[in-house]
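Source file: coords.txt (compact mmCIF, C-alpha atoms)
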# COMPACT_ATOMS: atom_id res chain seq x y z
CA MET A 1 30.39 -22.12 33.26
CA PRO A 2 33.47 -23.47 31.51
CA ASP A 3 32.20 -22.91 27.95
CA THR A 4 31.22 -19.26 28.38
CA LEU A 5 33.24 -16.18 27.52
CA LYS A 6 34.31 -13.90 30.35
CA THR A 7 34.29 -10.12 30.24
CA PRO A 8 37.20 -8.02 31.59
CA LEU A 9 35.05 -7.35 34.69
CA TYR A 10 34.59 -11.04 35.55
CA PRO A 11 37.11 -10.94 38.44
CA LEU A 12 35.29 -7.93 39.90
CA HIS A 13 31.93 -9.73 39.68
CA GLU A 14 33.40 -12.65 41.63
CA ARG A 15 34.84 -10.38 44.32
CA LEU A 16 31.50 -8.61 44.69
CA GLY A 17 29.67 -11.91 45.17
CA ALA A 18 27.62 -11.82 41.97
CA SER A 19 25.32 -14.67 41.02
CA MET A 20 26.54 -15.53 37.51
CA ALA A 21 24.61 -16.97 34.58
CA ALA A 22 25.23 -17.72 30.92
CA PHE A 23 23.77 -15.19 28.48
CA ALA A 24 24.43 -15.14 24.73
CA GLY A 25 27.55 -17.23 25.31
CA TRP A 26 28.92 -14.99 28.07
CA ALA A 27 29.20 -15.38 31.84
CA LEU A 28 27.37 -12.35 33.22
CA PRO A 29 26.04 -11.31 36.63
CA MET A 30 22.33 -11.88 37.18
CA SER A 31 22.38 -10.06 40.51
CA TYR A 32 24.57 -9.15 43.47
CA PRO A 33 23.98 -9.68 47.20
CA ALA A 34 21.82 -6.52 47.37
CA GLY A 35 19.27 -8.25 45.13
CA THR A 36 17.59 -7.35 41.84
CA ILE A 37 14.97 -5.03 43.32
CA ALA A 38 17.60 -2.99 45.20
CA GLU A 39 19.71 -2.80 42.05
CA HIS A 40 16.68 -1.68 40.03
CA LYS A 41 15.81 1.02 42.56
CA ALA A 42 19.41 2.23 42.67
CA ALA A 43 19.22 2.98 38.93
CA ARG A 44 15.96 4.85 39.43
CA SER A 45 17.03 6.91 42.46
CA GLY A 46 20.84 6.96 42.48
CA ALA A 47 23.31 5.24 40.17
CA ALA A 48 23.87 1.66 39.07
CA LEU A 49 26.72 0.05 37.14
CA PHE A 50 26.17 -2.62 34.49
CA ASP A 51 28.75 -4.73 32.68
CA VAL A 52 27.66 -4.71 29.03
CA SER A 53 31.01 -5.82 27.62
CA HIS A 54 29.30 -8.76 25.93
CA MET A 55 27.81 -6.35 23.39
CA GLY A 56 29.58 -6.22 20.05
CA GLN A 57 31.66 -3.10 19.40
CA VAL A 58 32.22 -2.47 15.70
CA GLU A 59 34.21 0.21 13.87
CA ILE A 60 33.44 1.16 10.27
CA THR A 61 35.87 3.32 8.31
CA GLY A 62 36.51 4.18 4.67
CA ASP A 63 35.29 6.60 2.01
CA GLY A 64 31.53 6.49 1.64
CA ALA A 65 31.03 4.36 4.77
CA ALA A 66 28.04 6.38 5.96
CA GLU A 67 26.35 6.25 2.55
CA ALA A 68 26.97 2.51 2.38
CA LEU A 69 25.55 1.90 5.85
CA GLU A 70 22.37 3.75 4.86
CA ARG A 71 21.80 1.02 2.28
CA LEU A 72 21.36 -1.44 5.16
CA MET A 73 19.29 0.59 7.62
CA PRO A 74 16.57 3.28 7.45
CA GLN A 75 18.35 5.86 9.63
CA ASP A 76 20.08 9.14 8.76
CA VAL A 77 23.67 7.95 8.99
CA VAL A 78 24.97 10.48 6.47
CA GLY A 79 23.57 13.33 8.56
CA LEU A 80 25.01 11.99 11.82
CA LYS A 81 27.25 14.71 13.22
CA ASP A 82 30.60 14.21 14.89
CA GLY A 83 30.04 13.55 18.58
CA ARG A 84 26.45 12.36 18.20
CA GLN A 85 24.72 8.97 18.33
CA ILE A 86 21.52 7.49 16.86
CA TYR A 87 19.41 4.42 17.55
CA GLY A 88 18.70 2.25 14.51
CA PHE A 89 18.27 -1.23 13.11
CA LEU A 90 19.33 -3.46 10.27
CA THR A 91 16.31 -4.57 8.24
CA THR A 92 15.40 -7.61 6.16
CA GLU A 93 14.14 -7.72 2.58
CA ASP A 94 10.69 -8.52 4.02
CA GLY A 95 10.70 -5.43 6.22
CA GLY A 96 11.59 -7.15 9.49
CA ILE A 97 14.32 -6.26 11.96
CA LEU A 98 17.56 -8.23 11.96
CA ASP A 99 18.92 -6.41 15.01
CA ASP A 100 18.75 -3.01 16.67
CA LEU A 101 21.94 -1.10 17.38
CA MET A 102 23.53 2.22 18.28
CA VAL A 103 25.67 4.24 15.84
CA SER A 104 27.95 7.08 16.93
CA ARG A 105 30.43 9.15 14.94
CA GLU A 106 33.97 10.10 15.92
CA GLY A 107 35.44 12.01 13.02
CA ASP A 108 35.60 9.61 10.07
CA VAL A 109 34.89 6.58 12.25
CA LEU A 110 31.42 5.13 12.73
CA ARG A 111 31.17 3.21 16.01
CA LEU A 112 28.43 0.62 16.36
CA VAL A 113 27.22 -1.28 19.40
CA VAL A 114 25.25 -4.40 18.46
CA ASN A 115 23.54 -7.10 20.49
CA ALA A 116 25.72 -9.96 21.70
CA ALA A 117 23.50 -12.75 20.38
CA PHE A 118 23.61 -11.29 16.86
CA THR A 119 27.15 -9.93 16.65
CA GLU A 120 28.46 -12.48 14.18
CA ALA A 121 25.34 -12.31 12.01
CA ASP A 122 25.49 -8.50 12.03
CA LEU A 123 29.16 -8.56 11.06
CA ASP A 124 28.34 -10.81 8.09
CA VAL A 125 25.62 -8.42 6.93
CA LEU A 126 27.84 -5.38 7.36
CA ARG A 127 30.82 -6.89 5.57
CA GLN A 128 28.73 -8.12 2.67
CA GLY A 129 26.84 -4.85 2.41
CA LEU A 130 29.84 -2.55 2.82
CA PRO A 131 32.55 -4.09 0.61
CA GLU A 132 34.19 -0.69 0.10
CA ALA A 133 34.54 -0.03 3.85
CA GLU A 134 36.57 -1.61 6.61
CA VAL A 135 34.37 -3.32 9.19
CA ARG A 136 36.31 -4.20 12.33
CA HIS A 137 35.02 -6.08 15.37
CA ASP A 138 36.87 -4.45 18.25
CA THR A 139 37.34 -7.09 20.93
CA SER A 140 39.99 -5.11 22.79
CA ARG A 141 37.53 -2.96 24.72
CA ALA A 142 35.05 -3.38 27.57
CA LEU A 143 31.71 -1.58 27.78
CA ILE A 144 30.34 -0.24 31.06
CA ALA A 145 26.95 1.40 31.62
CA VAL A 146 26.38 3.80 34.51
CA GLN A 147 22.69 4.63 34.83
CA GLY A 148 20.58 6.80 37.09
CA PRO A 149 20.08 10.41 38.23
CA ASP A 150 23.46 10.39 40.02
CA ALA A 151 25.34 8.91 37.04
CA GLU A 152 26.77 12.24 35.90
CA ASP A 153 28.21 13.07 39.31
CA ALA A 154 29.71 9.60 39.67
CA LEU A 155 31.36 9.57 36.26
CA ALA A 156 32.47 13.20 36.21
CA ALA A 157 35.16 12.39 38.78
CA HIS A 158 36.83 10.27 36.08
CA ALA A 159 35.69 12.09 32.91
CA PRO A 160 34.81 15.78 33.53
CA GLU A 161 33.66 16.08 29.90
CA VAL A 162 30.38 14.34 30.74
CA ARG A 163 29.12 17.52 32.45
CA GLN A 164 28.76 19.12 29.01
CA MET A 165 27.02 16.20 27.32
CA ARG A 166 23.32 15.85 26.59
CA PHE A 167 21.24 12.81 25.63
CA MET A 168 22.76 10.93 22.66
CA ASP A 169 25.96 12.96 22.69
CA ALA A 170 29.25 11.07 22.29
CA ALA A 171 32.65 12.29 23.44
CA ARG A 172 36.25 11.23 23.87
CA SER A 173 37.81 11.35 27.34
CA GLY A 174 41.35 10.00 27.24
CA SER A 175 41.12 6.36 26.20
CA MET A 176 37.36 6.27 26.79
CA TRP A 177 34.60 6.78 24.21
CA ILE A 178 31.51 7.85 26.14
CA THR A 179 27.89 8.18 25.02
CA ARG A 180 25.11 9.71 27.08
CA SER A 181 22.66 6.89 26.59
CA GLY A 182 21.59 3.54 27.98
CA TYR A 183 18.70 1.12 28.05
CA THR A 184 17.03 1.77 31.39
CA GLY A 185 14.95 4.86 30.66
CA GLU A 186 17.18 6.84 33.03
CA ASP A 187 19.87 9.39 32.41
CA GLY A 188 23.24 7.73 32.13
CA PHE A 189 26.30 6.82 30.11
CA GLU A 190 27.89 3.94 28.27
CA ILE A 191 31.68 3.90 28.44
CA SER A 192 33.81 2.04 25.91
CA ILE A 193 37.21 1.57 27.53
CA PRO A 194 40.33 -0.55 26.87
CA ALA A 195 39.85 -3.94 28.52
CA GLY A 196 42.92 -3.50 30.73
CA GLU A 197 41.53 -0.28 32.25
CA ALA A 198 37.93 -1.43 32.80
CA GLU A 199 38.25 -3.11 36.18
CA ALA A 200 39.97 -0.14 37.79
CA LEU A 201 37.27 2.26 36.59
CA ALA A 202 34.41 -0.04 37.61
CA SER A 203 35.96 -0.65 41.03
CA ALA A 204 36.39 3.07 41.63
CA LEU A 205 32.78 3.74 40.68
CA VAL A 206 31.53 1.02 43.02
CA GLN A 207 33.72 2.33 45.84
CA SER A 208 32.20 5.79 45.32
CA GLY A 209 28.72 4.40 45.95
CA VAL A 210 27.51 3.24 42.54
CA GLN A 211 25.48 0.03 42.95
CA PRO A 212 26.65 -2.90 40.78
CA ALA A 213 23.64 -4.34 38.97
CA GLY A 214 23.01 -7.47 36.93
CA LEU A 215 20.87 -8.72 34.07
CA GLY A 216 17.79 -9.05 36.27
CA ALA A 217 17.66 -5.33 37.02
CA ARG A 218 18.66 -4.44 33.46
CA ASP A 219 15.64 -6.36 32.15
CA SER A 220 13.12 -4.96 34.63
CA LEU A 221 14.37 -1.41 33.98
CA ARG A 222 14.14 -1.65 30.20
CA LEU A 223 10.71 -3.32 30.48
CA GLU A 224 9.33 -0.49 32.63
CA ALA A 225 10.82 1.94 30.10
CA GLY A 226 8.91 0.19 27.29
CA LEU A 227 12.11 -0.62 25.39
CA CYS A 228 12.41 -3.60 23.03
CA LEU A 229 14.71 -6.56 23.51
CA SER A 230 16.13 -7.79 20.20
CA GLY A 231 15.23 -11.42 19.53
CA THR A 232 12.31 -11.21 21.97
CA ASP A 233 10.21 -8.13 21.26
CA ILE A 234 11.62 -7.46 17.80
CA GLY A 235 13.09 -9.69 15.11
CA PRO A 236 12.79 -10.67 11.44
CA GLY A 237 9.07 -11.30 11.98
CA THR A 238 8.30 -7.77 13.20
CA SER A 239 8.46 -4.52 11.29
CA PRO A 240 9.49 -1.15 12.76
CA ALA A 241 5.92 0.17 12.60
CA GLU A 242 4.52 -2.92 14.33
CA ALA A 243 7.13 -2.51 17.07
CA GLY A 244 6.35 1.17 17.60
CA LEU A 245 9.77 2.27 16.34
CA LYS A 246 8.62 4.75 13.70
CA PHE A 247 10.38 7.53 15.64
CA ALA A 248 13.74 6.03 14.62
CA ILE A 249 13.10 6.54 10.89
CA PRO A 250 13.62 10.24 10.06
CA LYS A 251 11.81 12.20 7.39
CA VAL A 252 14.85 12.27 5.10
CA ARG A 253 14.59 8.47 4.71
CA ARG A 254 10.79 8.45 4.31
CA ARG A 255 9.81 11.10 1.80
CA ASP A 256 10.57 11.58 -1.89
CA GLY A 257 14.20 12.52 -2.38
CA ALA A 258 17.63 11.15 -3.15
CA ARG A 259 17.98 9.45 0.26
CA ALA A 260 14.44 8.16 0.78
CA GLY A 261 14.12 4.38 0.78
CA GLY A 262 16.91 2.29 -0.68
CA PHE A 263 17.24 0.00 2.36
CA PRO A 264 16.08 -3.63 2.69
CA GLY A 265 12.31 -3.91 3.11
CA ALA A 266 11.74 -0.25 2.25
CA THR A 267 8.54 -0.89 0.29
CA ARG A 268 6.73 -2.47 3.23
CA ILE A 269 8.32 -0.32 5.92
CA LEU A 270 7.53 3.00 4.25
CA ALA A 271 3.99 1.87 3.39
CA GLU A 272 3.33 1.04 7.05
CA LEU A 273 4.48 4.50 8.14
CA THR A 274 1.53 6.07 6.31
CA GLY A 275 -2.20 5.48 6.17
CA ASP A 276 -3.67 2.98 8.61
CA GLY A 277 -0.31 1.39 9.39
CA PRO A 278 0.23 -2.29 10.19
CA ALA A 279 -2.49 -4.71 11.25
CA ARG A 280 -0.94 -5.27 14.68
CA LEU A 281 1.02 -3.18 17.16
CA ARG A 282 3.23 -3.66 20.21
CA MET A 283 1.11 -2.56 23.16
CA GLY A 284 1.58 -2.15 26.89
CA LEU A 285 -0.41 -4.20 29.39
CA ARG A 286 -1.00 -3.75 33.12
CA PRO A 287 -2.35 -7.07 34.47
CA GLU A 288 -4.71 -6.79 37.41
CA GLY A 289 -3.49 -8.40 40.61
CA ARG A 290 0.06 -9.55 41.29
CA ALA A 291 0.57 -12.40 38.80
CA PRO A 292 2.94 -11.37 36.01
CA PHE A 293 2.35 -12.15 32.33
CA ARG A 294 5.60 -13.79 31.22
CA ALA A 295 6.84 -14.04 27.63
CA GLY A 296 4.59 -16.34 25.63
CA THR A 297 1.44 -15.69 27.67
CA PRO A 298 -1.53 -15.89 25.25
CA ILE A 299 -3.82 -12.86 25.18
CA PHE A 300 -7.56 -13.15 24.54
CA ALA A 301 -10.08 -10.48 23.52
CA GLY A 302 -12.67 -11.89 25.94
CA GLU A 303 -12.71 -13.84 29.17
CA THR A 304 -14.29 -16.85 27.43
CA ALA A 305 -12.73 -16.41 23.97
CA GLU A 306 -11.37 -19.69 22.63
CA THR A 307 -8.60 -18.40 20.37
CA PRO A 308 -5.86 -15.98 21.47
CA PHE A 309 -5.42 -12.92 19.29
CA GLY A 310 -1.93 -12.04 20.55
CA HIS A 311 0.85 -13.02 22.90
CA VAL A 312 3.21 -11.41 25.38
CA THR A 313 6.81 -10.90 24.25
CA SER A 314 8.18 -9.44 27.52
CA GLY A 315 6.64 -9.33 30.95
CA GLY A 316 7.41 -9.37 34.65
CA HIS A 317 7.23 -7.41 37.86
CA GLY A 318 7.90 -3.68 37.68
CA PRO A 319 9.51 -2.62 40.97
CA SER A 320 9.06 1.11 40.28
CA VAL A 321 5.38 0.79 39.34
CA GLU A 322 4.80 -1.81 42.05
CA GLY A 323 3.03 -4.31 39.90
CA PRO A 324 3.22 -6.51 36.82
CA VAL A 325 3.79 -5.03 33.36
CA ALA A 326 3.97 -6.65 29.94
CA MET A 327 4.32 -5.93 26.25
CA ALA A 328 2.30 -7.82 23.64
CA TYR A 329 1.56 -7.72 19.93
CA LEU A 330 -2.18 -7.26 19.46
CA PRO A 331 -4.41 -6.41 16.47
CA ARG A 332 -4.54 -2.68 15.81
CA ASN A 333 -8.33 -2.91 16.01
CA PRO A 334 -10.35 -3.21 18.16
CA PRO A 335 -8.01 -2.77 21.21
CA GLN A 336 -7.56 0.82 22.34
CA PRO A 337 -5.92 2.33 25.43
CA ASP A 338 -7.78 1.28 28.58
CA SER A 339 -9.39 -1.66 26.78
CA LEU A 340 -9.69 -4.84 28.81
CA VAL A 341 -8.07 -8.08 27.58
CA TRP A 342 -7.28 -11.37 29.29
CA GLY A 343 -4.05 -13.30 29.67
CA GLU A 344 -4.01 -17.00 30.47
CA VAL A 345 -1.62 -17.83 33.32
CA ARG A 346 -1.47 -21.47 34.47
CA GLY A 347 -4.95 -22.14 33.10
CA ARG A 348 -6.55 -19.08 34.68
CA ARG A 349 -7.76 -15.99 32.80
CA ILE A 350 -6.49 -12.74 34.32
CA PRO A 351 -7.74 -9.34 33.11
CA ALA A 352 -5.31 -6.66 31.96
CA ARG A 353 -5.65 -3.09 30.74
CA ILE A 354 -4.04 -1.82 27.55
CA VAL A 355 -1.99 1.21 28.61
CA PRO A 356 0.42 3.63 26.94
CA MET A 357 4.15 3.02 27.22
CA PRO A 358 6.54 3.66 28.86
CA PHE A 359 5.17 2.28 32.10
CA HIS A 360 7.68 4.45 33.99
CA PRO A 361 8.56 7.91 32.57
CA HIS A 362 11.90 8.40 30.83
CA ALA A 363 14.38 10.73 32.51
CA TYR A 364 16.88 11.45 29.72
CA ARG A 365 18.95 14.64 30.03
CA ARG A 366 18.01 16.43 26.80

Now, as a test, write the supplied structure out as structure tokens.
Amino acid sequence: MPDTLKTPLYPLHERLGASMAAFAGWALPMSYPAGTIAEHKAARSGAALFDVSHMGQVEITGDGAAEALERLMPQDVVGLKDGRQIYGFLTTEDGGILDDLMVSREGDVLRLVVNAAFTEADLDVLRQGLPEAEVRHDTSRALIAVQGPDAEDALAAHAPEVRQMRFMDAARSGSMWITRSGYTGEDGFEISIPAGEAEALASALVQSGVQPAGLGARDSLRLEAGLCLSGTDIGPGTSPAEAGLKFAIPKVRRRDGARAGGFPGATRILAELTGDGPARLRMGLRPEGRAPFRAGTPIFAGETAETPFGHVTSGGHGPSVEGPVAMAYLPRNPPQPDSLVWGEVRGRRIPARIVPMPFHPHAYRR
């Protein structure tokens, strides 16, 4: 992959025998010799290590930076306390989602982690929208995720501070900036670390028994957890309410008051948070049988219906639930939980039940 960027952990991936693939312009491991299912199960029952250094790490500093950032996203950035993190998204004037991201605070510094495929676009939006602040893309650091019920024990040998952290806390440990978060539905941490120190830490974690895991396991884990993938499950054509992300918009940004609204698409977004809501919703599906509903699978209200009324955005096999799972946008009415719909796979209609998400329960350490 001569035209792809390489993370600081690329040499380690090669030594561990990873199968590499291009993703968002980066060479990243798809899986290791243990295989995707073993890597997935390690994150559910032990600890798994993911290289997420392709994600964009952004620092925002300057007077009024938090207030300015609130003009671009519907989250409570001003109220974000030192040592805490929130999930949020940049929105469009039409009420869609440009990208979802994480924001943490370290003193006067706001630290953002944005999706690799949208890093440059996000930087443009941030720099145009925050002219009074300094927006810096920090390319000097790697990002490592350690996920699973044994993640705390594994990481505490290198950063004892993690023992005191709870879900969405952020803390400094030497040169590392650590958040208790991740995108697998499990307890775990994301560690921002200088690029030159990343390989030594990752190697030590692997040697202690943490299973290296690739993009295949990362995707199946987040799918079972019912978590959105930016550019696939959410994007400019989907609103937060349609995507089931109302939880990320706090009351202080919704109700009458000095800080309510004021972000792109606020009129539509706030309207959809009340009353009957949007006309369609992201819903979970459990197809019957073993055939998975992949992204793009058309969904029909009846077995003989001629016109699809929705489509799958993410789908595949769920190793922890031992069967296929999928997410689709469907009309708010008439589908209800436990309703039967049909997906068309290679010309054959397969029934599926509408079920609540997540498909596998979250295990965050709150």

*Tell me which protein, DNA and RNA residues are within 12 Å of region 162-166 of chain A, counting only C-alpha atoms, leaving out same-chain ones fewer than 4 positions away, and put them as a ChimeraX atom specification.*
/A:83-85,146,150-158,170-173,176-181,187-191,363-366

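Excluding Glu288 (chain A) itself and same-chain residues fewer than 4 positions from it, the residues having an atom within 12 Å of it are A:Pro292, A:Phe293, A:His317, A:Glu322, A:Gly323, A:Pro324, A:Val325, A:Ala326, A:Leu340, A:Val341, A:Trp342, A:Gly343, A:Arg349, A:Ile350, A:Pro351, A:Ala352, A:Arg353, A:Ile354, counting only C-alpha atoms.
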
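Rounded to one decimal, CA of Arg222 (chain A) and CA of Thr184 (chain A) lie 4.6 Å from each other.
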
*Measure the distance from CA of Glu344 (chain A) to CA of Thr297 (chain A) in Å and round it to one decimal.*
6.3 Å

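Ranking A:Gly289, A:Val103, A:Leu205, A:Gly216 by their shortest atom-to-atom distance to Ala38 (chain A), with only C-alpha atoms included, puts A:Gly216 first.
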
_as a ChimeraX atom specification, please: the residues near Gly318 (chain A) (cut-off 12 Å, only C-alpha atoms, same-chain neighbours under 5 positions excluded)._
/A:36-37,40-41,44,216-226,285-287,290-293,323-326,358-360

*Within 10 Å of Glu59 (chain A), counting all atoms listed in the file, which residues show up once you throw out same-chain ones fewer than 2 positions away? Write them as a PyMOL selection string, please.*
chain A and resi 57+61+103-105+109-113+134-138

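Within 9 Å of the point (23.3, -17.1, 20.8), and counting all atoms listed in the file, the protein, DNA and RNA residues are A:Phe23, A:Ala24, A:Gly25, A:Ala116, A:Ala117, A:Phe118.
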
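Across the structure, CA of Glu306 (chain A) and CA of Cys228 (chain A) are spaced 28.7 Å apart.
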
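Remark: for Glu93 (chain A), the closest of the candidate residues A:Leu72, A:Ile299, A:Ile60, A:Ala48 is A:Leu72 (distances computed over all atoms listed in the file).
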
*Can you pull out every residue within 12 Å of Gly17 (chain A), counting only C-alpha atoms, but drop anything in the same chain fewer than 5 positions away, and send it as a ChimeraX atom specification?*
/A:10-12,29-35,212-214

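Using all atoms listed in the file for every distance, the candidate list A:Asp3, A:Glu272, A:Glu303, A:Glu186 yields A:Glu272 as the residue closest to Ala243 (chain A).
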
*Tell me which of A:Ala258, A:Val58, A:Ala142, A:Ala43 sits closest to Thr7 (chain A), counting all atoms listed in the file.*
A:Ala142

Taking the structure in the block just given, could you write region 273-303 of chain A with C-alpha atoms, as a compact mmCIF listing (two decimals), in the first residue's frame?
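Contents of the output file selection-v7.txt:
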# COMPACT_ATOMS: atom_id res chain seq x y z
CA LEU A 273 -36.69 16.63 19.70
CA THR A 274 -40.29 17.45 20.63
CA GLY A 275 -43.72 16.27 19.54
CA ASP A 276 -43.87 13.30 17.19
CA GLY A 277 -40.23 13.61 16.16
CA PRO A 278 -38.86 12.78 12.71
CA ALA A 279 -40.64 10.69 10.10
CA ARG A 280 -37.99 7.96 10.18
CA LEU A 281 -35.71 6.44 12.79
CA ARG A 282 -32.58 4.31 12.98
CA MET A 283 -33.78 0.89 14.14
CA GLY A 284 -32.19 -2.42 15.06
CA LEU A 285 -32.89 -5.58 13.09
CA ARG A 286 -32.30 -9.25 13.91
CA PRO A 287 -32.57 -11.21 10.64
CA GLU A 288 -33.86 -14.74 10.95
CA GLY A 289 -31.41 -17.44 9.93
CA ARG A 290 -27.69 -16.96 9.35
CA ALA A 291 -27.56 -14.65 6.30
CA PRO A 292 -26.44 -11.15 7.28
CA PHE A 293 -28.05 -7.96 5.99
CA ARG A 294 -25.11 -5.93 4.68
CA ALA A 295 -25.09 -2.15 4.15
CA GLY A 296 -27.45 -1.22 1.35
CA THR A 297 -29.83 -4.15 1.83
CA PRO A 298 -33.35 -2.90 0.94
CA ILE A 299 -36.00 -3.40 3.61
CA PHE A 300 -39.65 -4.10 2.75
CA ALA A 301 -42.76 -3.81 4.92
CA GLY A 302 -44.16 -7.06 3.49
CA GLU A 303 -42.82 -10.24 1.95
